[in-house]
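Asker: Dropping in protein09.cif, with mmCIF, C-alpha atoms.
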data_entry
loop_
_atom_site.label_atom_id
_atom_site.label_comp_id
_atom_site.auth_asym_id
_atom_site.auth_seq_id
_atom_site.Cartn_x
_atom_site.Cartn_y
_atom_site.Cartn_z
CA GLU P 1 116.62 128.28 93.87
CA ARG P 2 113.46 129.09 92.00
CA TYR P 3 111.21 126.57 90.36
CA GLY P 4 111.90 126.33 86.65
CA GLN P 5 115.66 126.85 86.69
CA LEU P 6 118.35 124.50 85.49
CA PRO P 7 121.33 123.90 87.72
CA ASP P 8 124.73 125.09 86.53
CA LEU P 9 125.54 122.28 84.10
CA SER P 10 129.18 123.34 83.83
CA ARG P 11 129.65 121.98 87.36
CA THR P 12 128.98 118.37 86.37
CA ASN P 13 131.86 116.04 87.10
CA PRO P 14 132.84 113.85 84.10
CA LYS P 15 134.17 111.21 86.52
CA HIS P 16 130.66 110.62 87.86
CA ASP P 17 127.54 109.18 86.28
CA ILE P 18 125.12 111.93 85.34
CA ILE P 19 121.40 111.19 85.49
CA PHE P 20 119.09 113.85 84.07
CA THR P 21 115.83 114.56 82.34
CA TRP P 22 116.28 116.30 78.97
CA ASN P 23 112.99 118.14 79.29
CA GLY P 24 110.85 118.47 82.39
CA THR P 25 107.23 118.69 81.25
CA THR P 26 105.95 119.98 84.59
CA SER P 27 108.31 122.97 84.75
CA GLY P 28 109.08 123.34 81.05
CA VAL P 29 112.80 123.44 81.78
CA LYS P 30 115.00 121.67 79.27
CA VAL P 31 118.70 121.34 78.74
CA PRO P 32 119.65 123.59 75.81
CA ASN P 33 122.04 121.10 74.20
CA SER P 34 124.61 118.46 75.12
CA ASP P 35 127.67 120.72 74.99
CA TRP P 36 128.05 120.44 78.78
CA ILE P 37 128.62 116.67 78.55
CA SER P 38 132.33 115.88 78.28
CA ASP P 39 133.43 113.82 75.28
CA ASP P 40 136.09 112.10 77.39
CA ARG P 41 133.91 111.42 80.45
CA GLU P 42 134.48 108.43 82.69
CA GLY P 43 130.94 108.28 84.03
CA LEU P 44 127.84 107.38 82.06
CA THR P 45 125.17 109.83 81.00
CA ILE P 46 121.72 108.47 81.74
CA CYS P 47 118.93 110.48 80.14
CA ASP P 48 115.17 110.31 80.62
CA ALA P 49 114.06 111.48 77.18
CA THR P 50 110.33 110.71 77.46
CA SER P 51 109.30 114.33 76.89
CA SER P 52 112.02 115.18 74.38
CA ILE P 53 112.57 112.20 72.10
CA PHE P 54 111.21 112.98 68.61
CA GLY P 55 110.47 116.57 69.68
CA MET P 56 113.78 118.18 70.63
CA ASP P 57 117.22 118.18 69.09
CA MET P 58 119.23 115.84 71.29
CA MET P 59 122.23 115.50 68.99
CA PRO P 60 124.87 114.23 69.07
CA TRP P 61 123.59 110.88 70.36
CA THR P 62 127.17 109.89 71.20
CA LYS P 63 126.95 112.12 74.29
CA LEU P 64 124.21 109.89 75.75
CA ASP P 65 125.01 106.43 77.11
CA VAL P 66 121.59 105.37 78.35
CA ILE P 67 118.37 106.81 76.95
CA THR P 68 114.97 105.86 78.29
CA TYR P 69 111.66 106.95 76.86
CA SER P 70 108.07 105.95 76.37
CA TRP P 71 105.81 106.31 73.35
CA GLN P 72 103.34 108.50 75.19
CA LYS P 73 104.59 112.03 74.74
CA VAL P 74 105.68 113.34 71.35
CA LEU P 75 104.14 110.52 69.32
CA GLY P 76 100.93 110.53 71.35
CA GLY P 77 100.93 106.82 72.12
CA GLU P 78 100.02 104.66 75.04
CA GLY P 79 101.93 105.34 78.26
CA GLY P 80 103.85 102.80 80.27
CA HIS P 81 105.85 101.13 77.52
CA GLY P 82 109.48 101.83 78.29
CA MET P 83 112.18 101.86 75.66
CA LEU P 84 115.90 101.64 76.34
CA ILE P 85 118.82 102.67 74.14
CA LEU P 86 122.32 101.71 75.30
CA SER P 87 125.73 102.90 74.11
CA PRO P 88 128.69 100.51 73.94
CA ARG P 89 129.96 102.14 77.16
CA ALA P 90 126.68 101.35 78.92
CA VAL P 91 126.81 97.75 77.69
CA ALA P 92 130.38 97.42 79.01
CA ARG P 93 129.23 98.72 82.41
CA LEU P 94 126.33 96.26 82.49
CA GLU P 95 128.60 93.36 81.58
CA SER P 96 131.15 94.26 84.26
CA PHE P 97 128.63 94.92 87.05
CA LYS P 98 128.17 92.09 89.55
CA PRO P 99 125.19 92.79 91.83
CA ASN P 100 125.62 91.80 95.47
CA ARG P 101 121.97 90.77 95.73
CA ALA P 102 119.29 89.07 93.69
CA MET P 103 117.90 91.19 90.87
CA PRO P 104 114.26 90.98 89.80
CA LYS P 105 113.94 89.49 86.31
CA ILE P 106 112.69 92.76 84.85
CA PHE P 107 116.00 94.44 85.77
CA ARG P 108 118.28 91.68 84.47
CA LEU P 109 119.79 92.83 81.20
CA THR P 110 122.70 90.39 81.25
CA LYS P 111 123.06 86.62 81.22
CA GLY P 112 126.34 84.99 82.15
CA GLY P 113 128.17 88.32 82.19
CA LYS P 114 127.07 89.29 78.67
CA LEU P 115 124.28 91.56 77.45
CA ASN P 116 121.06 89.65 76.94
CA ALA P 117 120.85 90.74 73.31
CA GLY P 118 117.52 88.96 72.81
CA ILE P 119 115.79 91.79 74.68
CA PHE P 120 116.96 94.14 71.95
CA ARG P 121 115.91 91.80 69.13
CA GLY P 122 112.29 91.57 70.17
CA GLU P 123 112.21 89.15 73.09
CA THR P 124 110.07 90.69 75.78
CA ILE P 125 110.46 90.76 79.54
CA ASN P 126 106.72 91.09 79.94
CA THR P 127 103.94 90.73 77.37
CA PRO P 128 103.17 94.13 75.83
CA SER P 129 99.86 95.01 74.25
CA MET P 130 100.20 94.30 70.54
CA MET P 131 97.63 97.06 69.91
CA CYS P 132 100.05 99.52 71.55
CA VAL P 133 102.98 98.17 69.54
CA GLU P 134 101.01 98.60 66.31
CA ASP P 135 100.02 102.13 67.37
CA TYR P 136 103.71 102.98 67.90
CA LEU P 137 104.67 101.53 64.51
CA ASP P 138 101.86 103.55 62.90
CA ALA P 139 103.09 106.72 64.62
CA LEU P 140 106.62 106.08 63.33
CA LYS P 141 105.26 105.58 59.79
CA TRP P 142 103.33 108.86 60.11
CA ALA P 143 106.47 110.65 61.35
CA LYS P 144 108.43 109.33 58.38
CA SER P 145 105.66 110.39 55.97
CA ILE P 146 105.79 114.03 57.10
CA GLY P 147 109.58 114.27 56.81
CA GLY P 148 111.00 112.28 59.71
CA LEU P 149 112.83 113.66 62.71
CA ASN P 150 113.50 117.08 61.18
CA ALA P 151 109.79 117.59 60.52
CA LEU P 152 108.92 116.52 64.06
CA LEU P 153 111.49 118.91 65.53
CA GLN P 154 110.12 121.76 63.39
CA ARG P 155 106.55 120.94 64.42
CA SER P 156 107.60 121.14 68.07
CA LEU P 157 109.28 124.54 67.50
CA ASP P 158 106.21 125.82 65.63
CA ASN P 159 103.93 124.75 68.49
CA VAL P 160 106.00 126.45 71.18
CA SER P 161 106.11 129.56 68.98
CA VAL P 162 102.30 129.74 69.03
CA LEU P 163 102.39 129.57 72.84
CA ALA P 164 105.17 132.19 73.05
CA ASP P 165 103.16 134.56 70.84
CA PHE P 166 100.11 134.08 73.08
CA VAL P 167 102.15 134.71 76.23
CA SER P 168 103.84 137.82 74.78
CA THR P 169 100.50 139.54 74.22
CA ARG P 170 98.95 138.84 77.64
CA PRO P 171 100.36 140.34 80.85
CA TRP P 172 98.55 137.83 83.08
CA ILE P 173 100.43 134.77 81.88
CA ASP P 174 104.08 133.76 81.59
CA PHE P 175 106.25 130.69 81.26
CA LEU P 176 107.26 129.09 84.58
CA CYS P 177 110.81 128.40 83.47
CA GLU P 178 113.57 130.85 82.71
#
Show me this structure written as structure tokens.
Answerer:
Amino acid sequence: ERYGQLPDLSRTNPKHDIIFTWNGTTSGVKVPNSDWISDDREGLTICDATSSIFGMDMMPWTKLDVITYSWQKVLGGEGGHGMLILSPRAVARLESFKPNRAMPKIFRLTKGGKLNAGIFRGETINTPSMMCVEDYLDALKWAKSIGGLNALLQRSLDNVSVLADFVSTRPWIDFLCE
């Protein structure tokens, strides 16, 4: 296969977990939508959305069971601060999973067979930089002030349109992805 091509998404097996990146920044390849994800799947969908969150239409969210991202891409924040969004199905899997070995504290999301909800209410696993947290909150306020998610999605489309216009008028350059 050539670099910059998506696999045939229709071949995914809804009985299996599916782990994927919504948008690969190196190649520019992105999944077009979530239509290929079965509504009655048995497996979980686990999505790295670092390069797509706030910049690409990822609806409906109900198709995604685990979403990970960082503040660094679309909102231009500090890298290395991971965020995690879990569906009820993902929580059920976490609560039913019994590891056969010791898990490092940073990977423990359950306590006594139940989700450690404190992590999702602001308790931290490690001490984050409060300057970075404030920067993220400021970026979210800015996003809201310009029209929220729809404005961010439009801004992303407008930016890629500028690049597409540039590429269309120069024979020496092209997009890597198909």
Asker: Write out as JSON lines the residues of region 21-78 of chain P that have any atom within 10 Å of an atom of region 156-166 of chain P, one row each with the nearest atom pair and its distance in Å to one decimal, counting all atoms listed in the file, sorted by chain and then rising number.
Answerer:
{"residue": "P:Ser52", "atom": "CA", "partner": "P:Ser156", "partner_atom": "CA", "distance": 9.7}
{"residue": "P:Phe54", "atom": "CA", "partner": "P:Ser156", "partner_atom": "CA", "distance": 8.9}
{"residue": "P:Gly55", "atom": "CA", "partner": "P:Ser156", "partner_atom": "CA", "distance": 5.6}
{"residue": "P:Met56", "atom": "CA", "partner": "P:Ser156", "partner_atom": "CA", "distance": 7.3}
{"residue": "P:Val74", "atom": "CA", "partner": "P:Ser156", "partner_atom": "CA", "distance": 8.7}
Asker: Which residues would end up in the selection if the PyMOL selection byres ((chain P and resi 109) around 12) were applied here, given that I need the answer as a count of residues only?
Answerer: 32
Asker: Rounded to one decimal, what separation in Å do you get between CA of Gly76 (chain P) and CA of Gly122 (chain P)?
Answerer: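 Taking CA of Gly76 (chain P) as the start and CA of Gly122 (chain P) as the end point, the length is 22.1 Å.
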Asker: Written as a PyMOL selection string, which residues does the PyMOL selection byres ((chain P and resi 39-49) around 6) give for the file shown?
Answerer: chain P and resi 14-22+38+50-53+64-69
Asker: I would like the residues chosen by the PyMOL selection byres ((chain P and resi 130-146) around 9) on the shown file; could you give them as a list in words?
Answerer: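 Given this file, the PyMOL selection byres ((chain P and resi 130-146) around 9) evaluates to Phe54, Trp71, Leu75, Gly76, Gly77, Glu78, His81, Thr127, Pro128, Ser129, Gly147, Gly148, Leu149, Ala151 and Leu152 of chain P.
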Asker: Could you check how far CA of Gly24 (chain P) sits from CA of Leu6 (chain P), in Å to one decimal?
Answerer: 10.1 Å
Asker: Skipping near chain neighbours, those fewer than 4 positions away, what residues fall within 12 Å of Asp8 (chain P) using all atoms listed in the file, listed as number ranges by chain?
Answerer: P: 1, 12-13, 31-32, 36
Asker: Separation of CA of Asp57 (chain P) and CA of Ile173 (chain P), in Å?
Answerer: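 Spanning CA of Asp57 (chain P) to CA of Ile173 (chain P) is a straight-line distance of 26.8 Å.
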Asker: Give the answer as one residue: which of P:Leu9, P:Leu153, P:Lys63, P:Gly4 has the shortest atom-to-atom distance to Gly28 (chain P), using only C-alpha atoms?
Answerer: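 Among the listed residues, the smallest separation from Gly28 (chain P) belongs to P:Gly4.
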Asker: Output as JSON the centre and edge lengths (Å, one decimal) of the box along x, y and z of the file that holds every listed atom of region 66-69 of chain P after adding 8 Å on each side.
Answerer:
{"center_x": 116.6, "center_y": 106.2, "center_z": 77.6, "size_x": 25.9, "size_y": 17.6, "size_z": 17.5}
